[in-house]
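Enquirer: One structure, pasted below without further comment.
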Amino acid sequence: MAGPHFRVAPSALAFEGRLVFSEAAGLWQELSKQVEPLQAGQALDFDLSRVESVDGGIMALLVHLRAELRQRHVRCEIVGAQPSVQEIVRLYRGDEEPAAPHPGRPAPGGLEQVGAATVHFLESTRNVLGFLGDMILSMVGLLKEPRTANWREVPRIMERAGADAVPIVVLINFLVGFVMAFQGAVQLKQFGANIFVADLVGLSIARELGPLMTAIIVCGRSGAAFAAELGSMKVSEEIDALRTLGFGPMSYLVLPRTLALMLVLPALTLLADLVAILGGLVVGLVSLDLTVVAYLNETRRALSAWDVFSGVLKSVVFAIAIALIACQQGFAASGGAEGVGRRTTQAVVSILFALILLDAAFTMFFHRFGL
Amino acid sequence: MNDTLITVQGLTMGWGETVLQRDASFTVERGDIFAILGGSGCGKSTMLRYLIGLEQPLAGAVDIAGQGAPNLEVGYPPFGVMFQSGALLGSMTVGENVALPLQQWTSLPPDAIEAIVLAKLKLVGLQDAEDKFPAELSGGMKKRAAIARAMALGPELIFLDEPSAGLDPVSSAGLDALILSLNKAFGLTVVVVTHELPSIFAIVRRCVMLDRKSKSIIARGDPRKLRDESGDARVHEFFNPRKET
């Protein structure tokens, strides 16, 4: 790299030649050394009279140094520039009074962050409830104008959210039943109560884990897909276009998704119950020396119709929560790909939180009324 | 100094059996403001992608500053590019977008980079937008920020894809004035893809016009002369569009 392109003259740095950007780092280092010892009341001009050409980046650095020196009450001007160079001085405002230093965006304090997060949570809850209200109004409107809903979409969404999810639902719930039976067997064996593994697996799967695990899988697959799909439509103004064509986004986009999930999630939940019980049966046969008939008879004895139905009922409510939150987050997307990604993440997190909360509420409600 | 910066020789653009433009040849001189013109779908923006090395030609060659075709895989290219939408990275502030090439390709310390970023943003009239995210900017501001990012490393050549598209006349004229001042102050060579007539007559000195049907260049030269003197009906219609009553 060439040496510094300036001479140190009394009260001035005299630059010369062609000041190119590739030498900016070295020049900056040398200039910083020169200006550091200067104190208030002193003067240092940048003399550009022998400069043939100057890169914009170098000029930016000179203008910045000038502003910094003047802030320290060191008199500093950019002087002597030839017309072609003076044009660049003017463009970079090196001939104007420097503006006040840039304040920057202050970092929020811890308390402020907690407050902001709380407000954000409350706003999100309000938005979802508002969205639910809009959907109910839209359903009422549909009674008058059933044609405005996009019913043709329902089978396609059911296939995507339901049929396509069967393999993963089967696999995960089979393993859940298997693991639960295995863990239970270790304990129950000690009391000679092997047969009660069937009760443990059947009840906990039908009442709690079947609907919950299935809803979590559907949240990860379809909830994220709904949020991303609607978010992309929102940022590319497709939803606005639908509005201008007279289609309400609620009836055209949200209701078909909600209805499809309300139909497929209970079906997936029943399938999940079945395969989880099968998972438990495998453990009963292999580890506990139970027979197929004994295991299934015990399961039938332990499970009432209500146990299964309560899980299905939960799954319907879970389906509404998944569809509503995913669509609401998708509609709230803004700011391009980044915004869609953020809303998709937010949708999944919010749905998971809502599912656990709803499950807890159901459990307390059923317990309170002895159901 | 008036020497050749870009040479396009026999460029054929397309994919598979589809040819978009055939055997295009032209040169761009240093310090020029050069336009690639034509109606919608003629391949203007696609040609820009070939010039900057995002696409490989079916035939022919592009040479920039005697270095051959740009290779985007190796280091920072010797030019800046402003895409039609601005293409600012949405997860970063405007200042961070402009600082990105400086951080990657120079050894400047953070305070020097900050100074350059601020100056570049001032240059394009966005001094108050450093901490804003692209989503918070208007269309015109995004384009200005994209120009600041393209100018970050002080290139001698800049490519602009539809700089005026989607802007109101005042913003569009402001952008034209900015392009002219950058060209005048730094001798910046500008290659612009556009079909906005006011912009063309305000800033462009030389142009080529592409035609979709013939898949070739149908006119070249000073757009004002082409407007007034061209005997080609397609060129005449482009520069003198009929106003429906």
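Naming works like this for the structure tokens: A, B, ... for the chains as they're shown, residue 1 at the start of each chain, ligands 1 onward in shown order.
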Sorted by chain and rising residue number, list the residues of chain A at most 8 Å from chain B (counting only C-alpha atoms), each with its closest atom pair and distance in Å to one decimal, as CSV.
Expert:
residue,atom,partner,partner_atom,distance
A:Phe21,CA,B:Gly154,CA,7.0
A:Ala24,CA,B:Leu108,CA,7.4
A:Ala25,CA,B:Leu108,CA,5.0
A:Trp28,CA,B:Ala112,CA,7.5
A:Asp55,CA,B:Gly154,CA,6.7
A:Gly56,CA,B:Gly154,CA,6.3
A:Gly57,CA,B:Ile116,CA,5.9
A:Ala60,CA,B:Ile116,CA,5.3
A:Leu61,CA,B:Ala115,CA,6.2
A:His64,CA,B:Ala115,CA,5.9
A:Ser84,CA,B:Ala185,CA,7.0
A:Val85,CA,B:Ala185,CA,7.9
A:Glu87,CA,B:Ala185,CA,6.0
A:Ile88,CA,B:Ala185,CA,5.8
A:Leu91,CA,B:Leu123,CA,6.5
A:Tyr92,CA,B:Leu123,CA,6.2
A:Gly104,CA,B:Asp131,CA,7.3
A:Arg105,CA,B:Asp131,CA,7.0
A:Ser334,CA,B:Ala135,CA,7.6
A:Gly335,CA,B:Ala135,CA,4.6
A:Gly336,CA,B:Gly90,CA,7.1
A:Ala337,CA,B:Gly90,CA,7.4
A:Glu338,CA,B:Gly90,CA,5.7
Enquirer: Produce a file of the selected residues containing N, CA, C and O atoms, as a short mmCIF file (atom, residue, chain, number, x, y, z; two decimals), in the first residue's frame.
Expert:
data_model
loop_
_atom_site.label_atom_id
_atom_site.label_comp_id
_atom_site.auth_asym_id
_atom_site.auth_seq_id
_atom_site.Cartn_x
_atom_site.Cartn_y
_atom_site.Cartn_z
N PHE A 21 -10.24 4.64 -3.01
CA PHE A 21 -10.87 3.97 -1.87
C PHE A 21 -10.05 2.80 -1.33
O PHE A 21 -10.09 2.50 -0.14
N ALA A 24 -8.18 3.61 1.69
CA ALA A 24 -8.93 4.30 2.75
C ALA A 24 -8.51 3.86 4.15
O ALA A 24 -8.37 4.68 5.06
N ALA A 25 -8.30 2.53 4.33
CA ALA A 25 -8.00 2.03 5.67
C ALA A 25 -6.69 2.62 6.20
O ALA A 25 -6.61 3.09 7.34
N TRP A 28 -7.04 6.38 6.85
CA TRP A 28 -7.84 6.62 8.06
C TRP A 28 -6.96 6.49 9.31
O TRP A 28 -7.03 7.30 10.24
N ASP A 55 -12.11 9.74 -4.09
CA ASP A 55 -13.22 8.79 -4.03
C ASP A 55 -14.27 9.25 -3.00
O ASP A 55 -13.92 9.94 -2.02
N GLY A 56 -15.50 8.87 -3.21
CA GLY A 56 -16.56 9.28 -2.30
C GLY A 56 -16.34 8.79 -0.88
O GLY A 56 -16.61 9.50 0.10
N GLY A 57 -15.82 7.57 -0.74
CA GLY A 57 -15.58 7.02 0.60
C GLY A 57 -14.54 7.83 1.36
O GLY A 57 -14.68 8.11 2.55
N ALA A 60 -16.06 10.99 2.43
CA ALA A 60 -16.92 10.76 3.59
C ALA A 60 -16.10 10.77 4.88
O ALA A 60 -16.52 11.34 5.89
N LEU A 61 -14.91 10.17 4.84
CA LEU A 61 -14.06 10.13 6.03
C LEU A 61 -13.55 11.52 6.38
O LEU A 61 -13.51 11.90 7.56
N HIS A 64 -16.33 13.47 7.90
CA HIS A 64 -16.59 12.97 9.26
C HIS A 64 -15.55 13.51 10.25
O HIS A 64 -15.89 13.97 11.34
N SER A 84 -13.55 20.20 -9.81
CA SER A 84 -14.08 18.84 -9.90
C SER A 84 -14.13 18.18 -8.52
O SER A 84 -15.05 17.43 -8.20
N VAL A 85 -13.14 18.47 -7.70
CA VAL A 85 -13.10 17.90 -6.34
C VAL A 85 -14.10 18.64 -5.44
O VAL A 85 -14.77 18.04 -4.59
N GLU A 87 -16.90 19.74 -6.23
CA GLU A 87 -18.23 19.19 -6.48
C GLU A 87 -18.51 18.02 -5.53
O GLU A 87 -19.62 17.87 -5.00
N ILE A 88 -17.47 17.22 -5.29
CA ILE A 88 -17.63 16.07 -4.38
C ILE A 88 -17.71 16.56 -2.93
O ILE A 88 -18.49 16.03 -2.13
N LEU A 91 -21.20 17.65 -2.60
CA LEU A 91 -22.14 16.52 -2.52
C LEU A 91 -22.15 15.89 -1.13
O LEU A 91 -23.19 15.49 -0.63
N TYR A 92 -20.97 15.79 -0.53
CA TYR A 92 -20.87 15.17 0.81
C TYR A 92 -21.05 16.20 1.93
O TYR A 92 -20.80 15.90 3.08
N GLY A 104 -28.61 7.78 17.44
CA GLY A 104 -28.76 6.32 17.44
C GLY A 104 -30.01 5.90 18.19
O GLY A 104 -30.69 6.72 18.80
N ARG A 105 -30.32 4.63 18.11
CA ARG A 105 -31.53 4.11 18.75
C ARG A 105 -31.15 3.57 20.12
O ARG A 105 -30.35 2.63 20.20
N SER A 334 -46.27 -8.46 7.58
CA SER A 334 -45.92 -7.29 6.78
C SER A 334 -44.41 -7.27 6.63
O SER A 334 -43.69 -7.89 7.41
N GLY A 335 -43.96 -6.58 5.60
CA GLY A 335 -42.52 -6.37 5.47
C GLY A 335 -41.76 -7.47 4.76
O GLY A 335 -40.62 -7.74 5.09
N GLY A 336 -42.39 -8.15 3.82
CA GLY A 336 -41.67 -9.09 2.97
C GLY A 336 -41.37 -10.42 3.63
O GLY A 336 -42.01 -10.81 4.61
N ALA A 337 -40.38 -11.12 3.07
CA ALA A 337 -40.07 -12.48 3.49
C ALA A 337 -39.76 -12.56 4.98
O ALA A 337 -40.17 -13.49 5.68
N GLU A 338 -39.04 -11.57 5.46
CA GLU A 338 -38.67 -11.53 6.88
C GLU A 338 -39.93 -11.51 7.77
O GLU A 338 -40.04 -12.25 8.74
#
Enquirer: Just list the residues in region 20-153 of chain A DSSP gives strand (DSSP E or B) on the backbone, as a VMD selection string.
Expert: chain A and resid 43 45 to 54 75 78 to 79
Enquirer: Among the residues of region 26-120 of chain B, find those DSSP assigns to helix (DSSP H, G or I) from the backbone and print them as a PyMOL selection string.
Expert: chain B and resi 44-51+94-105+110-120
Enquirer: Considering only C-alpha atoms, return as a list in words whatever protein or nucleic-acid residues lie within 9 Å of region 174-180 of chain B, sequence-local ones (same chain, fewer than 6 positions apart) excluded.
Expert: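 Counting only C-alpha atoms, the residues come to Ile33, Leu123, Val124, Gly140, Lys143, Arg144, Pro163, Ser164, Leu188, Val190, Ser199, Ala202 and Ile203 of chain B.
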Enquirer: Let me make sure I understand: among B:Arg30, B:Lys44, B:Lys215, B:Arg22, which one has the smallest atom-to-atom distance to Thr194 (chain B) if we use only C-alpha atoms?
Expert: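 Using only C-alpha atoms, the shortest distance to Thr194 (chain B) belongs to B:Lys44.
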Enquirer: Give me, as a PyMOL selection string, all polymer residues having an atom no more than 9 Å from Thr7 (chain B), counting only C-alpha atoms and skipping those fewer than 4 positions away in the same chain.
Expert: chain B and resi 25-29+61-66
Enquirer: Export, as a PDB file, in the first residue's frame, the selected residues with C-alpha atoms.
Expert:
ATOM      1  CA  SER B  25     -23.747  -6.374 -29.559  1.00  0.00           C
ATOM      2  CA  PHE B  26     -23.036  -2.938 -28.111  1.00  0.00           C
ATOM      3  CA  THR B  27     -20.519  -1.044 -26.043  1.00  0.00           C
ATOM      4  CA  VAL B  28     -20.825   1.319 -23.084  1.00  0.00           C
ATOM      5  CA  GLU B  29     -18.256   4.097 -22.667  1.00  0.00           C
ATOM      6  CA  ALA B  61     -19.748 -12.699 -24.341  1.00  0.00           C
ATOM      7  CA  VAL B  62     -19.822  -9.805 -21.925  1.00  0.00           C
ATOM      8  CA  ASP B  63     -16.658  -7.981 -20.919  1.00  0.00           C
ATOM      9  CA  ILE B  64     -16.449  -5.397 -18.161  1.00  0.00           C
ATOM     10  CA  ALA B  65     -13.335  -3.237 -17.821  1.00  0.00           C
ATOM     11  CA  GLY B  66     -11.258  -5.719 -19.784  1.00  0.00           C
TER      12      GLY B  66
END
Enquirer: Return the single residue from A:Leu259, A:Leu212, A:Ala241, A:Ala225 that is closest to Gln329 (chain A), with distances computed using only C-alpha atoms.
Expert: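 Checking each candidate against Gln329 (chain A), we get A:Ala225 as the closest.
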